[in-house]
Amino acid sequence: MNRLAQISAAAVIAMTAAACGGSNATTVTSPSGTLVTETFTGVAQVGGAQSVNNFTVTTPGSISITLVSTSPQQTLMMGLGVGNPGAGGICSFISGGTATVSASSTAALSGTLATSGAYCVAVVDVGNAASPISYIVTVAHT
């Protein structure tokens with residue numbers, strides 16, 4: 001049998017099996033929300049005061065937070081946290097929602113948010129800064 005005949009025969013067998021109820025169907029579930037990426041810039045002061053950026057999650061789902069850059073010290077370890085806006089402009093961190101990181105292209109924090117609502121991300125000097133630190137942080141969420 002030549003190659004074309006083999007392919008044609010295979011196609012006929014596959015169509016016949018499908019017509020007879022044979023199926024390997026899979027269910028594809030569409031994402032529950034659109035991925036939104038927000039970029040925040042700010043200045044973290046020496047001594048640990050939070051530099052807070054607020055955002056709103058409209059659909060519960062995934063979140064990833066990346067400390068993209070710090071300046072003037074690019075390799076400085078900084079505190080990064082996600083939580084809910086609290087009294088006095090602070091960010092009340094979610095359990096497990098903090099990390100000490102340096103700037104990177106890789107997410108420092110990631111997970112799933114179970115509820116929609118108001119959230120915040122904070123950048124904090126953990127005792128390494130000699131002067132105020134400018135930063136860029138991205139938050140990607142559904």
# chains A, B, ... in the order shown; residues from 1 in each chain; ligands from 1
call {"tool": "residues_around", "arguments": {"residues": "A:Gly81", "least_positions_apart": "2", "cutoff": "9 Å", "atoms": "only C-alpha atoms", "output": "PyMOL selection string"}}
result
chain A and resi 65+79+83+91-94+96-100+109+120-124
call {"tool": "write_last_selection", "arguments": {"atoms": "N, CA and C atoms", "output": "mmCIF file, in the first residue's frame"}}
result
data_model
loop_
_atom_site.group_PDB
_atom_site.id
_atom_site.type_symbol
_atom_site.label_atom_id
_atom_site.label_comp_id
_atom_site.auth_asym_id
_atom_site.auth_seq_id
_atom_site.Cartn_x
_atom_site.Cartn_y
_atom_site.Cartn_z
ATOM 1 N N ILE A 65 3.678 38.647 41.719
ATOM 2 C CA ILE A 65 4.246 39.963 42.008
ATOM 3 C C ILE A 65 5.751 39.902 41.783
ATOM 4 N N GLY A 79 12.061 44.155 51.199
ATOM 5 C CA GLY A 79 10.870 43.433 51.613
ATOM 6 C C GLY A 79 9.764 43.692 50.606
ATOM 7 N N GLY A 83 -1.222 42.209 50.485
ATOM 8 C CA GLY A 83 -2.235 42.128 51.536
ATOM 9 C C GLY A 83 -3.435 42.975 51.215
ATOM 10 N N CYS A 91 -0.279 48.361 54.548
ATOM 11 C CA CYS A 91 -0.726 47.148 53.863
ATOM 12 C C CYS A 91 -0.679 46.025 54.899
ATOM 13 N N SER A 92 -1.835 45.466 55.233
ATOM 14 C CA SER A 92 -1.903 44.354 56.190
ATOM 15 C C SER A 92 -1.661 43.068 55.412
ATOM 16 N N PHE A 93 -0.490 42.483 55.587
ATOM 17 C CA PHE A 93 -0.065 41.363 54.754
ATOM 18 C C PHE A 93 -0.884 40.104 54.982
ATOM 19 N N ILE A 94 -1.122 39.406 53.886
ATOM 20 C CA ILE A 94 -1.787 38.108 53.899
ATOM 21 C C ILE A 94 -0.782 37.086 54.424
ATOM 22 N N GLY A 96 1.693 34.352 54.566
ATOM 23 C CA GLY A 96 2.508 33.795 53.484
ATOM 24 C C GLY A 96 2.726 34.757 52.332
ATOM 25 N N GLY A 97 2.295 35.992 52.487
ATOM 26 C CA GLY A 97 2.357 36.960 51.393
ATOM 27 C C GLY A 97 3.518 37.920 51.464
ATOM 28 N N THR A 98 4.636 37.497 52.049
ATOM 29 C CA THR A 98 5.812 38.367 52.112
ATOM 30 C C THR A 98 7.060 37.607 51.676
ATOM 31 N N ALA A 99 8.038 38.371 51.222
ATOM 32 C CA ALA A 99 9.325 37.793 50.823
ATOM 33 C C ALA A 99 10.383 38.879 50.908
ATOM 34 N N THR A 100 11.624 38.472 51.101
ATOM 35 C CA THR A 100 12.765 39.377 51.030
ATOM 36 C C THR A 100 13.506 39.007 49.754
ATOM 37 N N LEU A 109 6.546 36.605 44.465
ATOM 38 C CA LEU A 109 5.373 36.092 45.163
ATOM 39 C C LEU A 109 4.354 35.651 44.123
ATOM 40 N N CYS A 120 -3.275 45.325 48.218
ATOM 41 C CA CYS A 120 -2.142 46.239 48.144
ATOM 42 C C CYS A 120 -0.857 45.436 48.029
ATOM 43 N N VAL A 121 0.144 46.103 47.486
ATOM 44 C CA VAL A 121 1.494 45.549 47.457
ATOM 45 C C VAL A 121 2.394 46.612 48.087
ATOM 46 N N ALA A 122 3.304 46.165 48.947
ATOM 47 C CA ALA A 122 4.189 47.108 49.631
ATOM 48 C C ALA A 122 5.641 46.709 49.417
ATOM 49 N N VAL A 123 6.477 47.725 49.290
ATOM 50 C CA VAL A 123 7.922 47.540 49.194
ATOM 51 C C VAL A 123 8.514 48.223 50.422
ATOM 52 N N VAL A 124 9.459 47.538 51.081
ATOM 53 C CA VAL A 124 9.975 48.004 52.361
ATOM 54 C C VAL A 124 11.487 47.806 52.423
#
call {"tool": "residues_around", "arguments": {"residues": "stretch 35-46 of chain A", "least_positions_apart": "5", "cutoff": "12 Å", "atoms": "only C-alpha atoms", "output": "number ranges by chain"}}
result
A: 51-72, 76, 78-80, 120-142
call {"tool": "atom_distance", "arguments": {"atom1": "atom CA of A:Pro85", "atom2": "atom CA of A:Val101"}}
result
21.7 Å
call {"tool": "closest_residue", "arguments": {"among": "A:Thr106, A:Thr75, A:Gln50, A:Gly33", "to": "A:Gly88", "atoms": "only C-alpha atoms"}}
result
A:Gln50
call {"tool": "select_by_dssp", "arguments": {"residues": "stretch 24-76 of chain A", "states": "strand (DSSP E or B)", "output": "number ranges by chain"}}
result
A: 36-44, 51-57, 61-71
